[in-house]
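K.L.:
I'd like to ask you about the structure that follows.
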Amino acid sequence: MSKTLVAYFSASGTTRKIAEKLANATGSDIYEIKPAVPYTKADLNWQDKHSRSSVEMNDPASRPEIAEGDAHIAGYEKIFLGFPIWWYTAPSIIRSFLEKYDFGGKTIVLFATSGGSGLGKTASDLASSCPGAKIAGGKLLNGNPSEEELKKWAESL
């Protein structure tokens with residue numbers, strides 16, 4: 001088992017592509033954060049205030065259920081945590097993931113994909129969901145970065 005994990009949530013496949021490249025570039029293990037109920041295209045319609053994603057993001061207590069699976073967090077020192085930016089922060093399912101495991105003493109490095117906004121206050125938004133963890137080195141990884149670029153970024157942390 002690698003000492004580094006790339007854990008990611010991808011609603012449409014964009015973040016998945018980056019996560020796979022990052023795992024390859026760094027020799028990390030990879031884990032997909034899957035919702036118990038997959039998101040449909042209608043669920044992701046940010047223009048519909050009644051869509052599932054809109055409802056979840058407007059409720060600070062929302063914790064979408066994660067599908068079965070064990071990320072074995074205890075075996076890792078560093079976790080690259082990736083997701084799309086929704087409403088200027090991480091999707092609610094990321095809090096579900098962080099609150100499921102003990103991240104105490106671990107370093108969490110955020111990476112995200114976005115159609116328009118940056119990471120903003122995402123690190124501080126997530127801090128209460130992973131007490132004892134160090135959240136560091138967040139980066140927006142849009143486009144098609146090469147494995148070499150991703151490796152250089154990861155090594156710079």
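Identifiers in the structure tokens: chain A, B, ... in order shown; residue index from 1 per chain; ligand index from 1 in order shown.
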Within 10 Å of A:Ser92, counting only C-alpha atoms, which residues show up once you throw out same-chain ones fewer than 5 positions away? Write them as a list in words, please.
P.N.:
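Contacts, with the query itself left out: Ser53, Glu56, Met57, Asn58, Asp59, Pro60, Ala61, Ser62, Arg63, Pro64, Glu65, Trp86, Phe97 and Leu126 of chain A.
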K.L.:
Show me a table, sorted first by chain and then by increasing residue number, of the residues of stretch 100-140 of chain A having an atom at most 10 Å from stretch 78-82 of chain A, each with its shortest atom pair and the distance in Å to one decimal, counting only C-alpha atoms and written as CSV.
P.N.:
residue,atom,partner,partner_atom,distance
A:Phe103,CA,A:Ile79,CA,9.2
A:Gly105,CA,A:Lys78,CA,9.4
A:Lys106,CA,A:Lys78,CA,5.8
A:Thr107,CA,A:Lys78,CA,4.8
A:Ile108,CA,A:Ile79,CA,4.8
A:Val109,CA,A:Phe80,CA,4.6
A:Leu110,CA,A:Leu81,CA,4.9
A:Phe111,CA,A:Gly82,CA,4.7
A:Ala112,CA,A:Gly82,CA,5.2
A:Thr113,CA,A:Gly82,CA,7.9
A:Ala133,CA,A:Lys78,CA,9.9
A:Lys134,CA,A:Lys78,CA,9.5
A:Ile135,CA,A:Ile79,CA,9.5
A:Ala136,CA,A:Phe80,CA,9.6
A:Gly137,CA,A:Phe80,CA,9.5
A:Gly138,CA,A:Phe80,CA,9.2
A:Lys139,CA,A:Gly82,CA,9.5
A:Leu140,CA,A:Gly82,CA,9.5
K.L.:
Quick one: residues within 12 Å of A:Lys152, only C-alpha atoms counted, chain neighbours fewer than 4 positions away excluded, as a list in words?
P.N.:
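That gives Leu22, Ala25, Thr26, Pro145, Ser146, Glu147, Glu148, Ser156 and Leu157 of chain A.
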K.L.:
Output C-alpha atoms of each residue in that selection to a file, as a compact mmCIF listing (two decimals), in the first residue's frame.
P.N.:
# COMPACT_ATOMS: atom_id res chain seq x y z
CA LEU A 22 -2.45 12.44 -10.32
CA ALA A 25 2.05 10.65 -11.55
CA THR A 26 2.60 10.20 -7.82
CA PRO A 145 -2.43 19.03 -16.97
CA SER A 146 0.26 16.52 -17.86
CA GLU A 147 1.38 13.84 -15.43
CA GLU A 148 4.73 15.64 -15.27
CA SER A 156 6.44 20.82 -4.23
CA LEU A 157 4.16 20.28 -1.25
K.L.:
Under the rule that only C-alpha atoms are counted, which of A:Asn24, A:Ser114, A:Thr40, A:Ser12 is the nearest residue to A:Ala154?
P.N.:
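That would be A:Asn24, the residue with the smallest distance to A:Ala154.
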K.L.:
Of the candidates A:Ala7, A:Asp48, A:Pro84, A:Gly120, which one gets nearest to A:Asp70 if we count only C-alpha atoms?
P.N.:
A:Ala7
K.L.:
Mind giving me the straight-line distance from atom CA of A:Tyr101 to atom CA of A:Ala67 in Å, one decimal?
P.N.:
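Distance reported for this atom pair: 14.2 Å.
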